[in-house]
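J.: You'll find final.cif just under this line, and it carries mmCIF, C-alpha atoms.
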data_work
#
loop_
_atom_site.label_atom_id
_atom_site.label_comp_id
_atom_site.auth_asym_id
_atom_site.auth_seq_id
_atom_site.Cartn_x
_atom_site.Cartn_y
_atom_site.Cartn_z
CA MET N 458 -22.12 11.34 1.77
CA SER N 459 -18.92 10.61 3.71
CA ASP N 460 -16.32 8.07 2.64
CA LEU N 461 -17.51 5.80 5.44
CA GLU N 462 -21.00 5.49 4.01
CA ALA N 463 -22.04 2.90 1.47
CA ASN N 464 -22.51 4.03 -2.09
CA ASP N 465 -25.21 1.67 -3.35
CA ALA N 466 -26.11 3.86 -6.34
CA ALA N 467 -22.78 3.49 -8.16
CA PRO N 468 -21.17 0.13 -8.93
CA TYR N 469 -17.43 -0.07 -8.37
CA SER N 470 -14.65 -2.47 -9.18
CA LEU N 471 -12.34 -4.28 -6.79
CA ALA N 472 -9.49 -2.07 -7.98
CA GLU N 473 -11.48 1.05 -7.05
CA LEU N 474 -12.38 -0.39 -3.65
CA MET N 475 -8.70 -1.12 -2.98
CA VAL N 476 -7.62 2.35 -4.13
CA VAL N 477 -10.04 4.02 -1.73
CA ALA N 478 -9.04 1.70 1.14
CA ALA N 479 -5.36 2.36 0.44
CA SER N 480 -5.89 6.13 0.28
CA ARG N 481 -6.80 6.09 3.98
CA ALA N 482 -3.23 5.12 4.80
CA PHE N 483 -2.20 8.70 3.91
CA GLY N 484 -5.21 10.48 5.41
CA ALA N 485 -3.81 11.76 8.70
CA GLU N 486 -0.21 12.22 7.55
CA GLY N 487 -0.04 15.96 7.00
CA GLU N 488 2.91 17.28 4.98
CA VAL N 489 4.85 14.14 4.06
CA LEU N 490 6.06 12.84 0.73
CA ALA N 491 3.78 10.07 -0.58
CA THR N 492 5.37 7.43 -2.79
CA GLY N 493 2.95 4.92 -4.28
CA ILE N 494 4.81 2.15 -6.13
CA GLY N 495 2.54 0.90 -8.91
CA ALA N 496 -0.61 2.21 -10.56
CA LEU N 497 -3.09 1.50 -7.77
CA PRO N 498 -0.90 2.77 -4.87
CA ARG N 499 -0.16 5.89 -6.94
CA LEU N 500 -3.91 6.42 -7.44
CA ALA N 501 -4.45 5.91 -3.71
CA ALA N 502 -1.94 8.61 -2.75
CA SER N 503 -3.35 10.95 -5.41
CA LEU N 504 -6.90 10.42 -4.17
CA SER N 505 -5.83 11.21 -0.61
CA MET N 506 -4.09 14.40 -1.80
CA LEU N 507 -7.32 15.53 -3.52
CA THR N 508 -9.62 14.69 -0.59
CA ASP N 509 -8.65 14.15 3.02
CA ASN N 510 -5.01 15.31 3.04
CA PRO N 511 -4.36 18.35 0.81
CA ASP N 512 -0.99 18.85 2.56
CA LEU N 513 0.33 15.58 1.15
CA MET N 514 3.38 16.00 -1.08
CA MET N 515 3.89 14.15 -4.35
CA THR N 516 6.41 14.30 -7.17
CA ASP N 517 6.03 13.63 -10.88
CA SER N 518 8.49 10.73 -10.32
CA GLU N 519 11.18 12.75 -12.08
CA ALA N 520 12.26 16.08 -10.61
CA TRP N 521 9.21 18.18 -9.75
CA LEU N 522 7.01 18.53 -6.68
CA LEU N 523 3.35 18.67 -7.71
CA SER N 524 0.62 20.92 -6.37
CA THR N 525 -2.00 18.54 -7.83
CA PRO N 526 -1.32 14.91 -8.75
CA ASN N 527 -0.67 13.89 -12.33
CA PRO N 528 -3.17 11.51 -13.95
CA ILE N 529 -1.65 8.04 -14.37
CA SER N 530 -3.12 7.60 -17.86
CA GLY N 531 -4.50 9.61 -20.75
CA ARG N 532 -1.59 12.07 -20.74
CA SER N 533 0.39 13.24 -23.76
CA ALA N 534 3.67 15.02 -24.39
CA THR N 535 1.84 18.33 -24.33
CA THR N 536 -0.09 17.71 -21.11
CA ALA N 537 0.69 20.42 -18.57
CA GLN N 538 1.34 19.56 -14.95
CA ALA N 539 0.81 21.80 -11.94
CA GLN N 540 4.30 21.74 -10.49
CA GLU N 541 5.26 23.46 -7.29
CA CYS N 542 9.06 23.50 -7.39
CA TRP N 543 12.13 21.49 -8.31
CA MET N 544 12.63 18.36 -6.20
CA GLY N 545 15.66 16.42 -7.33
CA PHE N 546 17.12 13.25 -5.88
CA SER N 547 19.01 14.97 -3.07
CA ARG N 548 15.82 16.58 -1.75
CA ILE N 549 14.03 13.23 -1.93
CA PHE N 550 16.67 11.81 0.42
CA ASP N 551 16.20 14.76 2.77
CA ASN N 552 12.60 13.57 3.18
CA VAL N 553 13.58 9.91 3.45
CA TRP N 554 16.21 10.30 6.16
CA SER N 555 14.09 12.75 8.17
CA GLY N 556 11.12 10.39 8.25
CA ARG N 557 8.88 12.74 6.22
CA ARG N 558 7.88 10.10 3.71
CA HIS N 559 5.31 7.32 3.45
CA ALA N 560 5.86 4.65 0.80
CA MET N 561 3.25 2.11 -0.30
CA VAL N 562 5.07 -0.87 -1.77
CA GLY N 563 4.20 -4.32 -3.13
CA PRO N 564 6.51 -6.99 -1.67
CA THR N 565 6.63 -10.52 -3.07
CA GLN N 566 6.68 -11.97 0.46
CA ILE N 567 5.55 -10.62 3.84
CA ASP N 568 5.95 -12.51 7.11
CA ARG N 569 4.21 -12.20 10.46
CA PHE N 570 6.74 -9.59 11.59
CA GLY N 571 6.08 -7.35 8.62
CA GLN N 572 9.47 -8.17 7.18
CA ALA N 573 9.28 -8.02 3.39
CA ASN N 574 11.11 -9.61 0.45
CA ILE N 575 11.60 -8.32 -3.10
CA SER N 576 15.02 -9.92 -3.58
CA ALA N 577 14.99 -13.69 -4.19
CA LEU N 578 12.90 -16.82 -3.62
CA GLY N 579 13.85 -20.34 -2.57
CA GLY N 580 17.20 -22.06 -2.29
CA ASN N 581 19.73 -19.94 -0.44
CA TYR N 582 20.88 -16.37 -0.84
CA GLN N 583 23.91 -17.37 -2.94
CA GLN N 584 21.87 -19.66 -5.22
CA PRO N 585 18.17 -18.77 -5.07
CA LYS N 586 15.59 -20.55 -7.20
CA VAL N 587 14.24 -17.19 -8.42
CA GLN N 588 16.28 -14.00 -8.56
CA MET N 589 14.22 -10.78 -8.40
CA LEU N 590 15.08 -7.11 -7.89
CA GLY N 591 17.50 -7.31 -5.00
CA VAL N 592 16.75 -5.46 -1.79
CA ARG N 593 16.92 -2.06 -3.55
CA GLY N 594 16.01 0.76 -1.13
CA PHE N 595 14.00 -1.41 1.27
CA PRO N 596 16.56 -1.55 4.14
CA GLY N 597 17.06 2.21 4.40
CA ASN N 598 13.44 3.07 3.73
CA SER N 599 12.09 0.68 6.35
CA ILE N 600 14.25 2.12 9.15
CA SER N 601 13.66 5.74 8.14
CA HIS N 602 9.96 6.33 7.46
CA ALA N 603 6.46 4.88 7.37
CA ASN N 604 5.58 2.12 4.93
CA SER N 605 2.39 0.36 3.87
CA PHE N 606 1.94 -2.76 1.74
CA PHE N 607 -0.30 -3.30 -1.31
CA VAL N 608 -0.96 -6.92 -2.28
CA PRO N 609 -3.04 -7.62 -5.41
CA ALA N 610 -3.34 -11.39 -4.75
CA HIS N 611 -3.67 -12.46 -1.11
CA SER N 612 -2.18 -15.95 -0.68
CA LYS N 613 0.16 -18.03 1.43
CA ARG N 614 2.83 -17.47 -1.22
CA VAL N 615 2.83 -13.80 -0.18
CA PHE N 616 1.92 -14.07 3.51
CA VAL N 617 4.41 -16.80 4.32
CA ASP N 618 4.82 -19.18 7.22
CA GLY N 619 8.06 -18.45 9.08
CA GLU N 620 10.39 -15.71 7.85
CA CYS N 621 10.69 -14.35 4.33
CA ASP N 622 13.24 -16.15 2.15
CA VAL N 623 15.25 -12.90 2.11
CA VAL N 624 14.57 -10.21 4.71
CA ALA N 625 14.82 -7.07 2.59
CA SER N 626 13.13 -4.68 5.04
CA ILE N 627 12.86 -4.39 8.76
CA GLY N 628 9.75 -5.50 10.66
CA TYR N 629 8.62 -6.11 14.21
CA ASN N 630 11.13 -8.90 14.82
CA PRO N 631 13.17 -8.37 18.02
CA ALA N 632 15.86 -10.77 16.75
CA ARG N 633 16.65 -8.58 13.73
CA LEU N 634 16.46 -5.06 15.13
CA PRO N 635 19.46 -2.93 14.13
CA LYS N 636 21.64 -1.67 16.97
CA GLY N 637 19.97 1.23 18.73
CA TYR N 638 16.47 0.49 17.37
CA GLN N 639 13.39 -0.49 19.33
CA LEU N 640 10.16 -2.05 18.08
CA ASP N 641 8.35 1.26 18.53
CA ASP N 642 10.77 2.83 16.03
CA ILE N 643 9.33 0.64 13.26
CA ASP N 644 6.37 2.16 11.41
CA ILE N 645 4.39 -0.17 9.14
CA ARG N 646 0.87 1.15 8.68
CA LEU N 647 -1.63 -0.78 6.55
CA ILE N 648 -1.74 -3.87 4.36
CA ILE N 649 -4.33 -3.64 1.58
CA THR N 650 -5.07 -6.84 -0.35
CA ASN N 651 -7.74 -8.06 -2.76
CA LEU N 652 -9.49 -9.72 0.22
CA CYS N 653 -9.14 -7.36 3.17
CA VAL N 654 -7.37 -4.59 5.03
CA MET N 655 -4.92 -5.42 7.83
CA ASP N 656 -2.52 -3.56 10.10
CA PHE N 657 0.06 -4.24 12.80
CA GLY N 658 -2.13 -3.11 15.68
CA GLY N 659 -2.41 -6.51 17.30
CA THR N 660 -0.77 -7.73 20.48
CA ASP N 661 3.00 -7.12 20.30
CA HIS N 662 2.55 -5.63 16.81
CA ALA N 663 0.87 -8.77 15.46
CA VAL N 664 -0.86 -8.55 12.08
CA ARG N 665 -4.50 -7.72 12.76
CA LEU N 666 -7.55 -7.85 10.52
CA VAL N 667 -9.09 -4.39 10.08
CA SER N 668 -11.87 -5.12 7.57
CA LEU N 669 -13.10 -7.67 5.05
CA HIS N 670 -13.98 -6.56 1.55
CA PRO N 671 -17.71 -6.90 0.77
CA GLY N 672 -18.65 -10.54 0.23
CA VAL N 673 -15.32 -11.97 1.43
CA SER N 674 -15.45 -14.44 4.32
CA LEU N 675 -13.13 -14.46 7.29
CA GLN N 676 -12.32 -18.11 6.62
CA GLU N 677 -11.04 -17.29 3.12
CA VAL N 678 -8.63 -14.74 4.56
CA LEU N 679 -7.42 -17.15 7.24
CA ASP N 680 -7.00 -19.96 4.69
CA ASN N 681 -4.82 -17.73 2.50
CA THR N 682 -2.57 -16.37 5.26
CA GLY N 683 0.46 -18.43 6.25
CA PHE N 684 0.61 -17.15 9.82
CA GLU N 685 -1.87 -16.55 12.63
CA LEU N 686 -3.93 -13.42 12.11
CA GLN N 687 -5.37 -11.50 15.06
CA VAL N 688 -9.13 -10.96 14.74
CA ASP N 689 -10.81 -8.73 17.32
CA GLY N 690 -14.54 -9.43 17.42
CA GLU N 691 -16.82 -9.27 14.40
CA PRO N 692 -14.82 -8.03 11.39
CA ALA N 693 -15.87 -4.73 9.83
CA VAL N 694 -16.65 -4.45 6.14
CA THR N 695 -14.36 -2.28 4.01
CA ALA N 696 -16.19 0.97 3.23
CA ALA N 697 -17.45 1.40 -0.31
CA PRO N 698 -16.19 4.26 -2.50
CA THR N 699 -18.39 7.33 -2.65
CA ALA N 700 -19.59 8.84 -5.90
CA GLU N 701 -17.08 11.69 -5.46
CA GLN N 702 -14.19 9.30 -4.91
CA LEU N 703 -15.14 7.34 -8.03
CA ARG N 704 -15.33 10.57 -10.03
CA LEU N 705 -11.84 11.61 -8.90
CA ILE N 706 -10.39 8.17 -9.65
CA ALA N 707 -11.84 8.37 -13.17
CA GLU N 708 -10.27 11.81 -13.65
CA LEU N 709 -6.90 10.51 -12.43
CA ASP N 710 -7.10 7.46 -14.70
CA PRO N 711 -9.23 8.35 -17.75
CA ALA N 712 -7.87 5.43 -19.79
CA ASN N 713 -8.91 3.01 -17.02
CA LEU N 714 -5.43 1.61 -16.49
CA ARG N 715 -6.68 0.51 -13.05
CA SER N 716 -8.88 -2.17 -14.62
CA ARG N 717 -5.79 -4.07 -15.83
CA GLN N 718 -3.98 -4.21 -12.49
CA LEU N 719 -5.97 -7.11 -11.00
CA LYS N 720 -6.84 -10.43 -12.61
CA ASP N 721 -10.23 -9.91 -14.34
CA ASN N 722 -10.81 -6.88 -12.02
CA PRO N 723 -14.05 -8.25 -10.51
CA PRO N 724 -16.79 -6.09 -8.95
CA GLY N 725 -15.97 -4.59 -5.58
CA VAL N 726 -18.91 -6.42 -4.00
CA ARG N 727 -18.31 -10.13 -4.39
CA ALA N 728 -21.38 -12.13 -5.40
CA ALA N 729 -22.49 -14.83 -2.99
#
Would you write out, as structure tokens, the structure that this file holds?
T.:
Amino acid sequence: MSDLEANDAAPYSLAELMVVAASRAFGAEGEVLATGIGALPRLAASLSMLTDNPDLMMTDSEAWLLSTPNPISGRSATTAQAQECWMGFSRIFDNVWSGRRHAMVGPTQIDRFGQANISALGGNYQQPKVQMLGVRGFPGNSISHANSFFVPAHSKRVFVDGECDVVASIGYNPARLPKGYQLDDIDIRLIITNLCVMDFGGTDHAVRLVSLHPGVSLQEVLDNTGFELQVDGEPAVTAAPTAEQLRLIAELDPANLRSRQLKDNPPGVRAA
């Protein structure tokens, strides 16, 4: 059974559906460094490394390049890891600046350009209503390598009308392109949410619907998106995990940490 075929024999959770959908973001990458920020994006990159992209690179998030991904749960101080070689901070930046990296991140806000915000909400930049992380590495990452977004709760609070309150990373906005950059230099791949999968493959890099998760209606997605979403024809349905993919996810997360990443972690197939 391929990963594009339904897997009616094995029930799966929404978290598992999202992990499998997110893993496809790394599938055709070849030898690039995958950075999944958060438990589910980390599982997605690990699943891709074990299935459709064995050339994918991953670190232990400290100083070692791994030949097989570490489980995200169920490990102890004596758990061995299959490490390839030392990969300290300086070598990480070699990958970042050369474009040989793909990060999957979870912004607090995303606008129609793909600009993202993890810095502050409301008010103005000097006196925001909510202070968050600051822009961190978003500016340099977004102009240097591919990025994808992972959104656990699809709503208009995330997919905002207008621009983000703080533009922490570059998107397909001609008015904010750095000197010497063109729109084709920007590389934002997929957006995986609890409702659907989207990309920036629409007209003039517009956000486009790729697939709806099983049981989710198009109207629900439109109602929870603060900007116009391009829909080309009848939406596809997000492919179900295969039995092999579910087995690998369970091995990567034996303590089932994934079940606590989404509110109530409902079944992957929404009931009517």
J.: List the spatial neighbours of segment 534-551 of chain N as a ChimeraX atom specification - criterion: any atom at most 10 Å away, only C-alpha atoms, same-chain residues fewer than 4 positions off excluded.
T.: /N:490,514-528,555-558,598
J.: Could you put an axis-aligned box around every listed atom of segment 520-532 of chain N, padded by 5 Å on each side, and send me its centre and edge lengths in Å to one decimal, as JSON?
T.:
{"center_x": 3.9, "center_y": 14.3, "center_z": -13.6, "size_x": 26.8, "size_y": 23.3, "size_z": 24.4}
J.: What do you get, as an NGL selection string, if you spell out every residue that the PyMOL selection byres ((chain N and resi 562) around 9) selects here?
T.: :N and (492-495 or 498 or 560-561 or 563-564 or 604-608)
J.: For a test of reading the model, state the distance in Å between atom CA of Thr682 of chain N and atom CA of Asn630 of chain N, rounded to one decimal.
T.: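 Interatomic distance here is 18.3 Å.
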J.: Tell me, in Å to one decimal, how far atom CA of Val688 of chain N is from atom CA of Arg665 of chain N.
T.: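 If I compute the distance from atom CA of Val688 of chain N to atom CA of Arg665 of chain N, I get 6.0 Å.
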J.: Taking into account all atoms listed in the file, which residue in the set N:Arg715, N:His662, N:Arg614, N:Arg646 is nearest to Leu686 of chain N?
T.: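 Checking each candidate against Leu686 of chain N, we get N:His662 as the closest.
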J.: Quick one: which segment 600-704 of chain N residues come within 10 Å of segment 574-581 of chain N, and what is the nearest atom pair for each with the distance in Å to one decimal, counting only C-alpha atoms, rows ordered by chain and ascending number, as CSV?
T.:
residue,atom,partner,partner_atom,distance
N:Val615,CA,N:Asn574,CA,9.3
N:Glu620,CA,N:Asn574,CA,9.6
N:Cys621,CA,N:Asn574,CA,6.1
N:Asp622,CA,N:Leu578,CA,5.8
N:Val623,CA,N:Asn574,CA,5.5
N:Val624,CA,N:Asn574,CA,5.5
N:Ala625,CA,N:Asn574,CA,5.0
N:Ser626,CA,N:Asn574,CA,7.0
N:Ile627,CA,N:Asn574,CA,10.0
J.: Which residue, N:Ala610, N:Ile600, N:Ala491, N:Val678, has the smallest gap to Asn651 of chain N when you use only C-alpha atoms?
T.: N:Ala610
J.: Rounded to one decimal place, report the atom CA of Gly683 of chain N-atom CA of Gly571 of chain N distance in Å.
T.: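 Computing it gives 12.6 Å between the two atoms.
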J.: Neighbouring residues of Leu652 of chain N were defined as those with any atom within 10 Å, considering all atoms listed in the file; residues of the same chain fewer than 3 positions away were excluded. Please report them as a count of residues only.
T.: 22
J.: Please expand the PyMOL selection byres ((chain N and resi 714) around 10) into the concrete residues it hits in this file, giving the result as a ChimeraX atom specification.
T.: /N:496-497,529-531,707,709-713,715-718
J.: Since the input has fewer atoms than a full residue there, write segment 626-656 of chain N out with N, CA and C atoms, as a PDB file, in the frame of the given file.
T.:
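Output (selection_15.pdb):
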ATOM      1  N   SER N 626      13.497  -5.873   4.262  1.00  0.00           N
ATOM      2  CA  SER N 626      13.130  -4.680   5.040  1.00  0.00           C
ATOM      3  C   SER N 626      12.818  -5.076   6.464  1.00  0.00           C
ATOM      4  N   ILE N 627      13.025  -4.136   7.342  1.00  0.00           N
ATOM      5  CA  ILE N 627      12.860  -4.390   8.760  1.00  0.00           C
ATOM      6  C   ILE N 627      11.373  -4.540   9.119  1.00  0.00           C
ATOM      7  N   GLY N 628      11.104  -5.342  10.133  1.00  0.00           N
ATOM      8  CA  GLY N 628       9.750  -5.500  10.660  1.00  0.00           C
ATOM      9  C   GLY N 628       9.805  -5.566  12.172  1.00  0.00           C
ATOM     10  N   TYR N 629       8.721  -6.054  12.754  1.00  0.00           N
ATOM     11  CA  TYR N 629       8.620  -6.110  14.210  1.00  0.00           C
ATOM     12  C   TYR N 629       9.204  -7.416  14.750  1.00  0.00           C
ATOM     13  N   ASN N 630      10.437  -7.690  14.399  1.00  0.00           N
ATOM     14  CA  ASN N 630      11.130  -8.900  14.820  1.00  0.00           C
ATOM     15  C   ASN N 630      12.260  -8.511  15.761  1.00  0.00           C
ATOM     16  N   PRO N 631      12.123  -8.777  17.058  1.00  0.00           N
ATOM     17  CA  PRO N 631      13.170  -8.370  18.020  1.00  0.00           C
ATOM     18  C   PRO N 631      14.546  -8.941  17.677  1.00  0.00           C
ATOM     19  N   ALA N 632      14.574 -10.118  17.046  1.00  0.00           N
ATOM     20  CA  ALA N 632      15.860 -10.770  16.750  1.00  0.00           C
ATOM     21  C   ALA N 632      16.631 -10.064  15.651  1.00  0.00           C
ATOM     22  N   ARG N 633      15.971  -9.215  14.858  1.00  0.00           N
ATOM     23  CA  ARG N 633      16.650  -8.580  13.730  1.00  0.00           C
ATOM     24  C   ARG N 633      16.706  -7.060  13.835  1.00  0.00           C
ATOM     25  N   LEU N 634      16.417  -6.514  14.990  1.00  0.00           N
ATOM     26  CA  LEU N 634      16.460  -5.060  15.130  1.00  0.00           C
ATOM     27  C   LEU N 634      17.892  -4.545  14.998  1.00  0.00           C
ATOM     28  N   PRO N 635      18.116  -3.519  14.194  1.00  0.00           N
ATOM     29  CA  PRO N 635      19.460  -2.930  14.130  1.00  0.00           C
ATOM     30  C   PRO N 635      19.850  -2.345  15.488  1.00  0.00           C
ATOM     31  N   LYS N 636      21.133  -2.224  15.720  1.00  0.00           N
ATOM     32  CA  LYS N 636      21.640  -1.670  16.970  1.00  0.00           C
ATOM     33  C   LYS N 636      21.065  -0.279  17.194  1.00  0.00           C
ATOM     34  N   GLY N 637      20.517  -0.062  18.378  1.00  0.00           N
ATOM     35  CA  GLY N 637      19.970   1.230  18.730  1.00  0.00           C
ATOM     36  C   GLY N 637      18.500   1.396  18.409  1.00  0.00           C
ATOM     37  N   TYR N 638      17.887   0.399  17.731  1.00  0.00           N
ATOM     38  CA  TYR N 638      16.470   0.490  17.370  1.00  0.00           C
ATOM     39  C   TYR N 638      15.614  -0.294  18.347  1.00  0.00           C
ATOM     40  N   GLN N 639      14.392   0.199  18.529  1.00  0.00           N
ATOM     41  CA  GLN N 639      13.390  -0.490  19.330  1.00  0.00           C
ATOM     42  C   GLN N 639      12.184  -0.781  18.436  1.00  0.00           C
ATOM     43  N   LEU N 640      11.323  -1.689  18.887  1.00  0.00           N
ATOM     44  CA  LEU N 640      10.160  -2.050  18.080  1.00  0.00           C
ATOM     45  C   LEU N 640       9.288  -0.837  17.781  1.00  0.00           C
ATOM     46  N   ASP N 641       9.198   0.077  18.733  1.00  0.00           N
ATOM     47  CA  ASP N 641       8.350   1.260  18.530  1.00  0.00           C
ATOM     48  C   ASP N 641       8.933   2.216  17.491  1.00  0.00           C
ATOM     49  N   ASP N 642      10.186   2.002  17.087  1.00  0.00           N
ATOM     50  CA  ASP N 642      10.770   2.830  16.030  1.00  0.00           C
ATOM     51  C   ASP N 642      10.315   2.388  14.640  1.00  0.00           C
ATOM     52  N   ILE N 643       9.788   1.168  14.542  1.00  0.00           N
ATOM     53  CA  ILE N 643       9.330   0.640  13.260  1.00  0.00           C
ATOM     54  C   ILE N 643       7.926   1.179  12.994  1.00  0.00           C
ATOM     55  N   ASP N 644       7.650   1.530  11.733  1.00  0.00           N
ATOM     56  CA  ASP N 644       6.370   2.160  11.410  1.00  0.00           C
ATOM     57  C   ASP N 644       5.802   1.565  10.117  1.00  0.00           C
ATOM     58  N   ILE N 645       5.103   0.436  10.268  1.00  0.00           N
ATOM     59  CA  ILE N 645       4.390  -0.170   9.140  1.00  0.00           C
ATOM     60  C   ILE N 645       2.906   0.053   9.385  1.00  0.00           C
ATOM     61  N   ARG N 646       2.231   0.681   8.457  1.00  0.00           N
ATOM     62  CA  ARG N 646       0.870   1.150   8.680  1.00  0.00           C
ATOM     63  C   ARG N 646      -0.188   0.115   8.280  1.00  0.00           C
ATOM     64  N   LEU N 647      -0.540   0.071   7.016  1.00  0.00           N
ATOM     65  CA  LEU N 647      -1.630  -0.780   6.550  1.00  0.00           C
ATOM     66  C   LEU N 647      -1.141  -1.809   5.540  1.00  0.00           C
ATOM     67  N   ILE N 648      -1.893  -2.894   5.441  1.00  0.00           N
ATOM     68  CA  ILE N 648      -1.740  -3.870   4.360  1.00  0.00           C
ATOM     69  C   ILE N 648      -3.090  -3.929   3.651  1.00  0.00           C
ATOM     70  N   ILE N 649      -3.102  -3.582   2.366  1.00  0.00           N
ATOM     71  CA  ILE N 649      -4.330  -3.640   1.580  1.00  0.00           C
ATOM     72  C   ILE N 649      -4.181  -4.773   0.584  1.00  0.00           C
ATOM     73  N   THR N 650      -5.116  -5.718   0.587  1.00  0.00           N
ATOM     74  CA  THR N 650      -5.070  -6.840  -0.350  1.00  0.00           C
ATOM     75  C   THR N 650      -6.397  -6.903  -1.110  1.00  0.00           C
ATOM     76  N   ASN N 651      -6.493  -7.864  -2.018  1.00  0.00           N
ATOM     77  CA  ASN N 651      -7.740  -8.060  -2.760  1.00  0.00           C
ATOM     78  C   ASN N 651      -8.822  -8.706  -1.911  1.00  0.00           C
ATOM     79  N   LEU N 652      -8.502  -9.100  -0.668  1.00  0.00           N
ATOM     80  CA  LEU N 652      -9.490  -9.720   0.220  1.00  0.00           C
ATOM     81  C   LEU N 652      -9.851  -8.854   1.420  1.00  0.00           C
ATOM     82  N   CYS N 653      -8.914  -8.027   1.892  1.00  0.00           N
ATOM     83  CA  CYS N 653      -9.140  -7.360   3.170  1.00  0.00           C
ATOM     84  C   CYS N 653      -8.164  -6.213   3.389  1.00  0.00           C
ATOM     85  N   VAL N 654      -8.324  -5.574   4.537  1.00  0.00           N
ATOM     86  CA  VAL N 654      -7.370  -4.590   5.030  1.00  0.00           C
ATOM     87  C   VAL N 654      -6.847  -5.078   6.376  1.00  0.00           C
ATOM     88  N   MET N 655      -5.539  -5.002   6.577  1.00  0.00           N
ATOM     89  CA  MET N 655      -4.920  -5.420   7.830  1.00  0.00           C
ATOM     90  C   MET N 655      -3.967  -4.333   8.308  1.00  0.00           C
ATOM     91  N   ASP N 656      -3.556  -4.446   9.565  1.00  0.00           N
ATOM     92  CA  ASP N 656      -2.520  -3.560  10.100  1.00  0.00           C
ATOM     93  C   ASP N 656      -1.674  -4.323  11.097  1.00  0.00           C
TER      94      ASP N 656
END
